[in-house]
file start.cif (mmCIF, N, CA and C atoms)
data_my_file
loop_
_atom_site.label_atom_id
_atom_site.label_comp_id
_atom_site.auth_asym_id
_atom_site.auth_seq_id
_atom_site.Cartn_x
_atom_site.Cartn_y
_atom_site.Cartn_z
N MET I 467 0.85 -1.17 0.00
CA MET I 467 0.00 0.00 0.00
C MET I 467 0.89 1.23 0.00
N LYS I 468 0.56 2.20 -0.81
CA LYS I 468 1.32 3.43 -0.91
C LYS I 468 0.54 4.54 -0.22
N LYS I 469 1.17 5.18 0.76
CA LYS I 469 0.51 6.29 1.45
C LYS I 469 1.50 7.43 1.60
N ASN I 470 1.02 8.63 1.43
CA ASN I 470 1.76 9.82 1.82
C ASN I 470 0.74 10.90 2.11
N LYS I 471 1.19 12.13 2.32
CA LYS I 471 0.26 13.20 2.71
C LYS I 471 -0.81 13.48 1.68
N SER I 472 -0.49 13.33 0.40
CA SER I 472 -1.45 13.73 -0.62
C SER I 472 -2.17 12.56 -1.29
N LYS I 473 -1.77 11.32 -0.99
CA LYS I 473 -2.39 10.19 -1.67
C LYS I 473 -2.72 9.07 -0.71
N TYR I 474 -3.75 8.34 -1.05
CA TYR I 474 -4.10 7.11 -0.35
C TYR I 474 -4.35 6.06 -1.43
N TRP I 475 -3.44 5.14 -1.56
CA TRP I 475 -3.55 4.09 -2.56
C TRP I 475 -3.49 2.73 -1.89
N GLU I 476 -4.42 1.85 -2.22
CA GLU I 476 -4.38 0.47 -1.75
C GLU I 476 -3.68 -0.44 -2.75
N VAL I 477 -3.25 0.12 -3.83
CA VAL I 477 -2.67 -0.66 -4.92
C VAL I 477 -1.45 0.10 -5.45
N GLY I 478 -0.44 -0.63 -5.83
CA GLY I 478 0.78 0.00 -6.32
C GLY I 478 0.68 0.42 -7.78
N THR I 479 1.59 1.28 -8.18
CA THR I 479 1.62 1.80 -9.54
C THR I 479 1.69 0.67 -10.57
N HIS I 480 2.57 -0.29 -10.34
CA HIS I 480 2.73 -1.40 -11.28
C HIS I 480 1.42 -2.18 -11.46
N GLU I 481 0.72 -2.44 -10.34
CA GLU I 481 -0.56 -3.14 -10.40
C GLU I 481 -1.61 -2.34 -11.18
N ILE I 482 -1.61 -1.03 -10.98
CA ILE I 482 -2.56 -0.18 -11.70
C ILE I 482 -2.30 -0.24 -13.20
N VAL I 483 -1.03 -0.14 -13.58
CA VAL I 483 -0.67 -0.19 -15.01
C VAL I 483 -1.09 -1.53 -15.60
N GLU I 484 -0.79 -2.63 -14.90
CA GLU I 484 -1.19 -3.96 -15.39
C GLU I 484 -2.70 -4.08 -15.50
N PHE I 485 -3.41 -3.60 -14.48
CA PHE I 485 -4.87 -3.65 -14.49
C PHE I 485 -5.42 -2.85 -15.68
N TYR I 486 -4.93 -1.64 -15.84
CA TYR I 486 -5.39 -0.76 -16.93
C TYR I 486 -5.13 -1.41 -18.29
N ASN I 487 -3.94 -1.96 -18.46
CA ASN I 487 -3.59 -2.58 -19.74
C ASN I 487 -4.39 -3.85 -20.01
N SER I 488 -4.91 -4.48 -18.96
CA SER I 488 -5.71 -5.70 -19.14
C SER I 488 -7.17 -5.41 -19.47
N LEU I 489 -7.59 -4.15 -19.32
CA LEU I 489 -8.97 -3.81 -19.64
C LEU I 489 -9.18 -3.97 -21.13
N GLN I 490 -10.30 -4.56 -21.49
CA GLN I 490 -10.59 -4.74 -22.91
C GLN I 490 -11.87 -3.99 -23.25
N LYS I 491 -13.01 -4.68 -23.19
CA LYS I 491 -14.25 -4.00 -23.57
C LYS I 491 -14.64 -2.92 -22.57
N GLU I 492 -14.06 -2.97 -21.36
CA GLU I 492 -14.32 -1.94 -20.36
C GLU I 492 -13.86 -0.56 -20.85
N LYS I 493 -12.86 -0.54 -21.73
CA LYS I 493 -12.35 0.74 -22.23
C LYS I 493 -13.35 1.45 -23.14
N ASP I 494 -14.42 0.74 -23.55
CA ASP I 494 -15.48 1.40 -24.32
C ASP I 494 -16.21 2.43 -23.48
N THR I 495 -16.28 2.19 -22.17
CA THR I 495 -16.99 3.13 -21.29
C THR I 495 -16.08 3.79 -20.27
N PHE I 496 -14.93 3.22 -19.98
CA PHE I 496 -13.98 3.81 -19.04
C PHE I 496 -12.93 4.55 -19.86
N LYS I 497 -13.11 5.85 -20.00
CA LYS I 497 -12.29 6.65 -20.92
C LYS I 497 -11.13 7.37 -20.24
N LEU I 498 -10.93 7.16 -18.95
CA LEU I 498 -9.88 7.86 -18.23
C LEU I 498 -8.52 7.39 -18.70
N PRO I 499 -7.67 8.30 -19.17
CA PRO I 499 -6.32 7.90 -19.60
C PRO I 499 -5.48 7.44 -18.41
N LEU I 500 -4.55 6.55 -18.67
CA LEU I 500 -3.70 6.01 -17.62
C LEU I 500 -2.97 7.12 -16.86
N SER I 501 -2.51 8.14 -17.55
CA SER I 501 -1.78 9.23 -16.89
C SER I 501 -2.65 9.92 -15.83
N LYS I 502 -3.92 10.12 -16.13
CA LYS I 502 -4.83 10.75 -15.15
C LYS I 502 -5.17 9.79 -14.02
N LEU I 503 -5.29 8.52 -14.35
CA LEU I 503 -5.53 7.52 -13.32
C LEU I 503 -4.38 7.52 -12.31
N LEU I 504 -3.15 7.57 -12.82
CA LEU I 504 -1.97 7.54 -11.96
C LEU I 504 -1.78 8.82 -11.15
N SER I 505 -2.47 9.90 -11.52
CA SER I 505 -2.36 11.14 -10.76
C SER I 505 -3.47 11.26 -9.71
N SER I 506 -4.21 10.19 -9.49
CA SER I 506 -5.32 10.19 -8.54
C SER I 506 -4.85 10.38 -7.11
N LYS I 507 -5.69 11.00 -6.31
CA LYS I 507 -5.42 11.20 -4.89
C LYS I 507 -5.73 9.93 -4.10
N ILE I 508 -6.78 9.23 -4.51
CA ILE I 508 -7.22 8.02 -3.81
C ILE I 508 -7.45 6.94 -4.86
N ILE I 509 -6.93 5.74 -4.59
CA ILE I 509 -7.27 4.57 -5.40
C ILE I 509 -7.44 3.40 -4.44
N ILE I 510 -8.61 2.78 -4.52
CA ILE I 510 -8.87 1.60 -3.71
C ILE I 510 -9.17 0.43 -4.65
N LYS I 511 -9.11 -0.76 -4.11
CA LYS I 511 -9.25 -1.94 -4.97
C LYS I 511 -10.19 -2.96 -4.37
N GLU I 512 -10.62 -3.87 -5.22
CA GLU I 512 -11.38 -5.04 -4.79
C GLU I 512 -10.75 -6.24 -5.50
N VAL I 513 -10.43 -7.24 -4.74
CA VAL I 513 -9.77 -8.44 -5.25
C VAL I 513 -10.72 -9.62 -5.13
N VAL I 514 -10.77 -10.43 -6.18
CA VAL I 514 -11.58 -11.66 -6.18
C VAL I 514 -10.66 -12.80 -6.59
N ASP I 515 -10.58 -13.80 -5.76
CA ASP I 515 -9.72 -14.97 -6.04
C ASP I 515 -8.31 -14.56 -6.45
N ARG I 516 -7.76 -13.64 -5.70
CA ARG I 516 -6.39 -13.11 -5.91
C ARG I 516 -6.22 -12.37 -7.24
N ASN I 517 -7.32 -11.98 -7.86
CA ASN I 517 -7.28 -11.18 -9.09
C ASN I 517 -7.78 -9.78 -8.78
N LEU I 518 -7.05 -8.79 -9.24
CA LEU I 518 -7.52 -7.40 -9.11
C LEU I 518 -8.73 -7.26 -10.03
N ALA I 519 -9.91 -7.18 -9.42
CA ALA I 519 -11.16 -7.21 -10.16
C ALA I 519 -11.72 -5.83 -10.45
N ALA I 520 -11.40 -4.86 -9.58
CA ALA I 520 -12.00 -3.54 -9.73
C ALA I 520 -11.17 -2.51 -8.96
N ILE I 521 -11.22 -1.29 -9.46
CA ILE I 521 -10.61 -0.17 -8.75
C ILE I 521 -11.59 1.00 -8.77
N ALA I 522 -11.45 1.85 -7.79
CA ALA I 522 -12.22 3.09 -7.73
C ALA I 522 -11.31 4.13 -7.13
N GLY I 523 -11.63 5.38 -7.37
CA GLY I 523 -10.79 6.42 -6.81
C GLY I 523 -11.33 7.81 -7.02
N ILE I 524 -10.49 8.74 -6.61
CA ILE I 524 -10.80 10.16 -6.75
C ILE I 524 -9.57 10.86 -7.30
N ARG I 525 -9.78 11.63 -8.32
CA ARG I 525 -8.72 12.48 -8.85
C ARG I 525 -9.23 13.91 -8.81
N LYS I 526 -8.36 14.85 -9.00
CA LYS I 526 -8.77 16.26 -8.97
C LYS I 526 -8.63 16.85 -10.37
N ASN I 527 -9.62 17.63 -10.75
CA ASN I 527 -9.57 18.44 -11.96
C ASN I 527 -9.67 19.88 -11.47
N GLY I 528 -8.53 20.51 -11.26
CA GLY I 528 -8.52 21.80 -10.60
C GLY I 528 -8.92 21.60 -9.16
N ILE I 529 -10.01 22.21 -8.75
CA ILE I 529 -10.49 22.05 -7.38
C ILE I 529 -11.63 21.03 -7.27
N ILE I 530 -12.04 20.48 -8.39
CA ILE I 530 -13.20 19.59 -8.40
C ILE I 530 -12.75 18.13 -8.22
N PRO I 531 -13.26 17.46 -7.17
CA PRO I 531 -12.95 16.04 -6.98
C PRO I 531 -13.82 15.18 -7.89
N ILE I 532 -13.16 14.36 -8.68
CA ILE I 532 -13.85 13.53 -9.66
C ILE I 532 -13.63 12.07 -9.29
N SER I 533 -14.73 11.35 -9.08
CA SER I 533 -14.62 9.94 -8.73
C SER I 533 -14.68 9.09 -10.00
N PHE I 534 -14.15 7.88 -9.88
CA PHE I 534 -14.19 6.94 -11.00
C PHE I 534 -14.24 5.53 -10.44
N ILE I 535 -14.70 4.62 -11.28
CA ILE I 535 -14.72 3.21 -10.92
C ILE I 535 -14.66 2.41 -12.20
N VAL I 536 -13.98 1.29 -12.15
CA VAL I 536 -14.00 0.33 -13.26
C VAL I 536 -13.93 -1.07 -12.66
N VAL I 537 -14.88 -1.89 -13.09
CA VAL I 537 -14.96 -3.29 -12.68
C VAL I 537 -14.76 -4.11 -13.95
N LYS I 538 -13.81 -5.03 -13.92
CA LYS I 538 -13.61 -5.90 -15.08
C LYS I 538 -14.91 -6.63 -15.39
N SER I 539 -15.20 -6.76 -16.67
CA SER I 539 -16.50 -7.31 -17.09
C SER I 539 -16.78 -8.69 -16.51
N LYS I 540 -15.77 -9.54 -16.38
CA LYS I 540 -16.03 -10.88 -15.86
C LYS I 540 -16.39 -10.89 -14.38
N PHE I 541 -16.20 -9.74 -13.69
CA PHE I 541 -16.54 -9.64 -12.27
C PHE I 541 -17.77 -8.75 -12.03
N GLN I 542 -18.37 -8.24 -13.09
CA GLN I 542 -19.53 -7.37 -12.93
C GLN I 542 -20.74 -8.17 -12.47
N GLY I 543 -21.66 -7.49 -11.78
CA GLY I 543 -22.87 -8.13 -11.31
C GLY I 543 -22.71 -8.85 -9.99
N ARG I 544 -21.59 -8.67 -9.32
CA ARG I 544 -21.33 -9.34 -8.03
C ARG I 544 -21.38 -8.37 -6.85
N GLY I 545 -21.73 -7.11 -7.11
CA GLY I 545 -21.81 -6.14 -6.03
C GLY I 545 -20.50 -5.44 -5.70
N LEU I 546 -19.47 -5.68 -6.50
CA LEU I 546 -18.17 -5.07 -6.23
C LEU I 546 -18.22 -3.56 -6.37
N GLY I 547 -18.96 -3.07 -7.35
CA GLY I 547 -19.07 -1.63 -7.57
C GLY I 547 -19.69 -0.94 -6.37
N LYS I 548 -20.75 -1.52 -5.83
CA LYS I 548 -21.42 -0.93 -4.67
C LYS I 548 -20.50 -0.92 -3.45
N ILE I 549 -19.76 -2.01 -3.25
CA ILE I 549 -18.81 -2.09 -2.14
C ILE I 549 -17.74 -1.02 -2.28
N LEU I 550 -17.16 -0.90 -3.46
CA LEU I 550 -16.10 0.09 -3.68
C LEU I 550 -16.61 1.51 -3.52
N MET I 551 -17.80 1.80 -4.06
CA MET I 551 -18.33 3.16 -3.96
C MET I 551 -18.61 3.52 -2.50
N SER I 552 -19.12 2.59 -1.74
CA SER I 552 -19.38 2.84 -0.32
C SER I 552 -18.07 3.15 0.41
N ARG I 553 -17.05 2.37 0.17
CA ARG I 553 -15.74 2.62 0.80
C ARG I 553 -15.15 3.95 0.35
N LEU I 554 -15.30 4.26 -0.94
CA LEU I 554 -14.77 5.51 -1.47
C LEU I 554 -15.47 6.71 -0.82
N HIS I 555 -16.77 6.62 -0.66
CA HIS I 555 -17.52 7.71 -0.03
C HIS I 555 -17.10 7.92 1.42
N LYS I 556 -16.81 6.83 2.13
CA LYS I 556 -16.34 6.96 3.52
C LYS I 556 -14.98 7.66 3.56
N LEU I 557 -14.09 7.33 2.63
CA LEU I 557 -12.78 7.99 2.58
C LEU I 557 -12.90 9.47 2.21
N ALA I 558 -13.88 9.79 1.38
CA ALA I 558 -14.06 11.17 0.90
C ALA I 558 -14.77 12.06 1.92
N LYS I 559 -15.46 11.46 2.87
CA LYS I 559 -16.33 12.18 3.79
C LYS I 559 -15.66 13.36 4.48
N ASP I 560 -14.46 13.20 4.93
CA ASP I 560 -13.77 14.27 5.67
C ASP I 560 -12.89 15.15 4.78
N LYS I 561 -12.82 14.84 3.49
CA LYS I 561 -11.92 15.57 2.60
C LYS I 561 -12.65 16.48 1.60
N TYR I 562 -13.88 16.09 1.20
CA TYR I 562 -14.57 16.77 0.12
C TYR I 562 -16.02 17.08 0.50
N SER I 563 -16.61 18.06 -0.17
CA SER I 563 -18.02 18.39 0.02
C SER I 563 -18.91 17.63 -0.96
N PHE I 564 -18.34 17.22 -2.07
CA PHE I 564 -19.08 16.50 -3.10
C PHE I 564 -18.08 15.77 -3.99
N LEU I 565 -18.60 14.84 -4.78
CA LEU I 565 -17.83 14.17 -5.82
C LEU I 565 -18.61 14.28 -7.12
N ILE I 566 -17.89 14.39 -8.20
CA ILE I 566 -18.48 14.43 -9.54
C ILE I 566 -18.00 13.19 -10.28
N LEU I 567 -18.82 12.64 -11.14
CA LEU I 567 -18.34 11.62 -12.07
C LEU I 567 -19.08 11.76 -13.38
N SER I 568 -18.51 11.16 -14.41
CA SER I 568 -19.18 11.14 -15.71
C SER I 568 -19.39 9.69 -16.10
N VAL I 569 -20.46 9.46 -16.83
CA VAL I 569 -20.79 8.11 -17.26
C VAL I 569 -21.42 8.20 -18.65
N MET I 570 -21.03 7.27 -19.51
CA MET I 570 -21.60 7.22 -20.85
C MET I 570 -23.10 6.92 -20.74
N LYS I 571 -23.92 7.62 -21.53
CA LYS I 571 -25.38 7.46 -21.45
C LYS I 571 -25.84 6.03 -21.69
N GLU I 572 -25.12 5.29 -22.51
CA GLU I 572 -25.55 3.92 -22.81
C GLU I 572 -25.13 2.91 -21.74
N ASN I 573 -24.37 3.34 -20.74
CA ASN I 573 -23.90 2.45 -19.69
C ASN I 573 -24.95 2.36 -18.57
N ASN I 574 -26.07 1.72 -18.90
CA ASN I 574 -27.21 1.65 -17.98
C ASN I 574 -26.88 0.95 -16.67
N GLN I 575 -26.05 -0.07 -16.71
CA GLN I 575 -25.68 -0.78 -15.49
C GLN I 575 -24.95 0.15 -14.52
N ALA I 576 -24.02 0.94 -15.03
CA ALA I 576 -23.28 1.88 -14.18
C ALA I 576 -24.20 2.99 -13.67
N ILE I 577 -25.07 3.49 -14.51
CA ILE I 577 -26.00 4.55 -14.10
C ILE I 577 -26.88 4.06 -12.94
N ARG I 578 -27.39 2.83 -13.04
CA ARG I 578 -28.19 2.27 -11.94
C ARG I 578 -27.36 2.19 -10.65
N LEU I 579 -26.12 1.74 -10.78
CA LEU I 579 -25.24 1.65 -9.61
C LEU I 579 -25.06 3.02 -8.97
N PHE I 580 -24.73 4.02 -9.78
CA PHE I 580 -24.45 5.35 -9.24
C PHE I 580 -25.69 5.95 -8.57
N LYS I 581 -26.85 5.75 -9.15
CA LYS I 581 -28.08 6.25 -8.53
C LYS I 581 -28.33 5.54 -7.19
N LYS I 582 -28.11 4.22 -7.13
CA LYS I 582 -28.27 3.49 -5.87
C LYS I 582 -27.29 3.99 -4.81
N CYS I 583 -26.13 4.47 -5.26
CA CYS I 583 -25.10 4.96 -4.34
C CYS I 583 -25.30 6.42 -3.96
N GLY I 584 -26.35 7.06 -4.47
CA GLY I 584 -26.67 8.42 -4.06
C GLY I 584 -26.27 9.53 -5.02
N TYR I 585 -25.78 9.17 -6.21
CA TYR I 585 -25.43 10.19 -7.20
C TYR I 585 -26.69 10.73 -7.86
N GLN I 586 -26.66 12.00 -8.22
CA GLN I 586 -27.79 12.68 -8.86
C GLN I 586 -27.32 13.31 -10.17
N LYS I 587 -28.23 13.40 -11.14
CA LYS I 587 -27.86 14.04 -12.40
C LYS I 587 -27.56 15.50 -12.17
N LEU I 588 -26.49 15.94 -12.81
CA LEU I 588 -26.04 17.31 -12.70
C LEU I 588 -26.13 18.01 -14.05
N HIS I 589 -25.70 17.31 -15.09
CA HIS I 589 -25.63 17.89 -16.43
C HIS I 589 -25.54 16.74 -17.43
N LYS I 590 -25.87 16.99 -18.68
CA LYS I 590 -25.69 15.98 -19.71
C LYS I 590 -25.32 16.66 -21.03
N ASN I 591 -24.63 15.89 -21.86
CA ASN I 591 -24.42 16.32 -23.24
C ASN I 591 -24.83 15.16 -24.13
N LYS I 592 -24.43 15.14 -25.38
CA LYS I 592 -24.89 14.11 -26.30
C LYS I 592 -24.57 12.69 -25.85
N GLU I 593 -23.41 12.50 -25.24
CA GLU I 593 -22.95 11.16 -24.93
C GLU I 593 -22.82 10.85 -23.45
N ILE I 594 -22.76 11.88 -22.60
CA ILE I 594 -22.35 11.68 -21.22
C ILE I 594 -23.32 12.34 -20.24
N TYR I 595 -23.56 11.63 -19.13
CA TYR I 595 -24.21 12.23 -17.96
C TYR I 595 -23.11 12.62 -16.97
N PHE I 596 -23.26 13.77 -16.37
CA PHE I 596 -22.39 14.18 -15.27
C PHE I 596 -23.23 14.09 -14.01
N LEU I 597 -22.74 13.36 -13.03
CA LEU I 597 -23.47 13.11 -11.80
C LEU I 597 -22.72 13.69 -10.62
N ILE I 598 -23.46 14.03 -9.57
CA ILE I 598 -22.86 14.58 -8.36
C ILE I 598 -23.30 13.74 -7.16
N TYR I 599 -22.35 13.54 -6.26
CA TYR I 599 -22.64 12.88 -4.99
C TYR I 599 -22.39 13.91 -3.89
N PRO I 600 -23.45 14.47 -3.30
CA PRO I 600 -23.26 15.45 -2.23
C PRO I 600 -22.86 14.76 -0.93
N ILE I 601 -21.81 15.25 -0.30
CA ILE I 601 -21.31 14.63 0.93
C ILE I 601 -21.78 15.39 2.17
N ASN I 602 -21.74 16.71 2.11
CA ASN I 602 -22.17 17.50 3.26
C ASN I 602 -23.12 18.60 2.78
N ILE I 603 -23.43 19.53 3.66
CA ILE I 603 -24.40 20.58 3.32
C ILE I 603 -23.93 21.43 2.14
N ILE I 604 -22.65 21.69 2.05
CA ILE I 604 -22.13 22.46 0.91
C ILE I 604 -22.36 21.68 -0.38
N GLY I 605 -22.07 20.38 -0.36
CA GLY I 605 -22.31 19.54 -1.53
C GLY I 605 -23.78 19.48 -1.90
N LYS I 606 -24.65 19.45 -0.89
CA LYS I 606 -26.09 19.42 -1.16
C LYS I 606 -26.55 20.72 -1.80
N LEU I 607 -26.02 21.84 -1.32
CA LEU I 607 -26.37 23.13 -1.92
C LEU I 607 -25.87 23.22 -3.36
N ILE I 608 -24.66 22.76 -3.60
CA ILE I 608 -24.13 22.77 -4.97
C ILE I 608 -24.98 21.91 -5.87
N SER I 609 -25.39 20.76 -5.38
CA SER I 609 -26.22 19.86 -6.23
C SER I 609 -27.60 20.46 -6.49
N LYS I 610 -28.14 21.22 -5.55
CA LYS I 610 -29.47 21.81 -5.73
C LYS I 610 -29.46 23.05 -6.61
N PHE I 611 -28.40 23.85 -6.49
CA PHE I 611 -28.38 25.13 -7.16
C PHE I 611 -27.31 25.23 -8.24
N SER I 612 -26.84 24.11 -8.70
CA SER I 612 -25.75 24.10 -9.67
C SER I 612 -26.16 24.80 -10.97
N LEU I 613 -25.23 25.56 -11.48
CA LEU I 613 -25.43 26.24 -12.76
C LEU I 613 -25.28 25.26 -13.92
N LEU I 614 -24.80 24.07 -13.65
CA LEU I 614 -24.57 23.09 -14.71
C LEU I 614 -25.82 22.33 -15.12
N ARG I 615 -26.89 22.45 -14.36
CA ARG I 615 -28.11 21.68 -14.67
C ARG I 615 -28.72 22.12 -15.97
#
call {"tool": "encode", "arguments": {"input": "start.cif", "output": "structure tokens"}}
result
Amino acid sequence: MKKNKSKYWEVGTHEIVEFYNSLQKEKDTFKLPLSKLLSSKIIIKEVVDRNLAAIAGIRKNGIIPISFIVVKSKFQGRGLGKILMSRLHKLAKDKYSFLILSVMKENNQAIRLFKKCGYQKLHKNKEIYFLIYPINIIGKLISKFSLLR
């Protein structure tokens, strides 16, 4: 595990690179470049049968905390996404007021997961929904009065 003042990682850089390079059809909906993944503040993992099955995390785009998750397709439908999102939200609770994420409109399985985890629609364009997860009162105000709606 790699820890320092600015990062919390449950997985090492080499494992992340291997995991990212092993993604196949998941890359159709997980568009985050490896360089941005590696610059994340938080990365947590879920392992199934000694295989890195999923990762989730938070990266920053300026001052905006952006969450992400990717579950390998052969491990989808087992509740790993919900487990990871719950853990990620607990880690974010004392650090952020809200989290933002983007999801491809056709990724119905992920959209259902995010809604179950408390994310709300913030904005949309032709291909993508932008969702917000309010953590505290500031996050709730931003989600209610956002200019992005």
call {"tool": "select_by_dssp", "arguments": {"input": "start.cif", "residues": "region 478-605 of chain I", "states": "strand (DSSP E)", "output": "ChimeraX atom specification"}}
result
/I:508-514,517-527,530-537,564-570,586-590,594-600
call {"tool": "atom_distance", "arguments": {"input": "start.cif", "atom1": "CA of Tyr562 (chain I)", "atom2": "atom C of Ala519 (chain I)"}}
result
25.1 Å
call {"tool": "closest_residue", "arguments": {"input": "start.cif", "among": "I:Ile598, I:Ile482, I:Met551, I:Leu489", "to": "Phe564 (chain I)", "atoms": "only N, CA and C atoms"}}
result
I:Ile598
call {"tool": "residues_near_point", "arguments": {"input": "start.cif", "point": "(-23.3, 16.3, -1.0)", "cutoff": "12 Å", "atoms": "only C-alpha atoms", "output": "number ranges by chain"}}
result
I: 531, 555, 558-566, 583-586, 597-612
call {"tool": "resolve_selection", "arguments": {"input": "start.cif", "expression": "the PyMOL selection byres ((chain I and resi 504-507) around 7)", "output": "JSON, numbers by chain"}}
result
{"I": [472, 473, 474, 475, 499, 500, 501, 502, 503, 508, 509, 523, 524, 525, 526]}
call {"tool": "atom_distance", "arguments": {"input": "start.cif", "atom1": "atom C of Leu518 (chain I)", "atom2": "CA of Glu481 (chain I)"}}
result
9.2 Å
call {"tool": "resolve_selection", "arguments": {"input": "start.cif", "expression": "the PyMOL selection byres (((chain I and resi 512 and name CA) around 10) and name CA)", "output": "number ranges by chain"}}
result
I: 476-477, 510-511, 513-514, 516-522, 537, 546-547, 549-550
call {"tool": "closest_residue", "arguments": {"input": "start.cif", "among": "I:Ser552, I:Asn591, I:Gln490, I:Thr479", "to": "Lys538 (chain I)", "atoms": "only C-alpha atoms"}}
result
I:Gln490
call {"tool": "atom_distance", "arguments": {"input": "start.cif", "atom1": "CA of Ile532 (chain I)", "atom2": "CA of Leu567 (chain I)"}}
result
5.4 Å
call {"tool": "select_by_dssp", "arguments": {"input": "start.cif", "residues": "chain I", "states": "alpha helix (DSSP H)", "output": "PyMOL selection string"}}
result
chain I and resi 479-488+500-504+546-558+574-582+603-611
call {"tool": "closest_residue", "arguments": {"input": "start.cif", "among": "I:Gly543, I:Lys493, I:Arg553, I:Lys548", "to": "Phe580 (chain I)", "atoms": "all atoms listed in the file"}}
result
I:Lys548
call {"tool": "decode", "arguments": {"input": "start.cif", "residues": "region 563-594 of chain I", "atoms": "C-alpha atoms", "output": "compact mmCIF listing (two decimals), in the first residue's frame"}}
result
# COMPACT_ATOMS: atom_id res chain seq x y z
CA SER I 563 -18.02 18.39 0.02
CA PHE I 564 -19.08 16.50 -3.10
CA LEU I 565 -17.83 14.17 -5.82
CA ILE I 566 -18.48 14.43 -9.54
CA LEU I 567 -18.34 11.62 -12.07
CA SER I 568 -19.18 11.14 -15.71
CA VAL I 569 -20.79 8.11 -17.26
CA MET I 570 -21.60 7.22 -20.85
CA LYS I 571 -25.38 7.46 -21.45
CA GLU I 572 -25.55 3.92 -22.81
CA ASN I 573 -23.90 2.45 -19.69
CA ASN I 574 -27.21 1.65 -17.98
CA GLN I 575 -25.68 -0.78 -15.49
CA ALA I 576 -23.28 1.88 -14.18
CA ILE I 577 -26.00 4.55 -14.10
CA ARG I 578 -28.19 2.27 -11.94
CA LEU I 579 -25.24 1.65 -9.61
CA PHE I 580 -24.45 5.35 -9.24
CA LYS I 581 -28.08 6.25 -8.53
CA LYS I 582 -28.27 3.49 -5.87
CA CYS I 583 -25.10 4.96 -4.34
CA GLY I 584 -26.67 8.42 -4.06
CA TYR I 585 -25.43 10.19 -7.20
CA GLN I 586 -27.79 12.68 -8.86
CA LYS I 587 -27.86 14.04 -12.40
CA LEU I 588 -26.04 17.31 -12.70
CA HIS I 589 -25.63 17.89 -16.43
CA LYS I 590 -25.69 15.98 -19.71
CA ASN I 591 -24.42 16.32 -23.24
CA LYS I 592 -24.89 14.11 -26.30
CA GLU I 593 -22.95 11.16 -24.93
CA ILE I 594 -22.35 11.68 -21.22
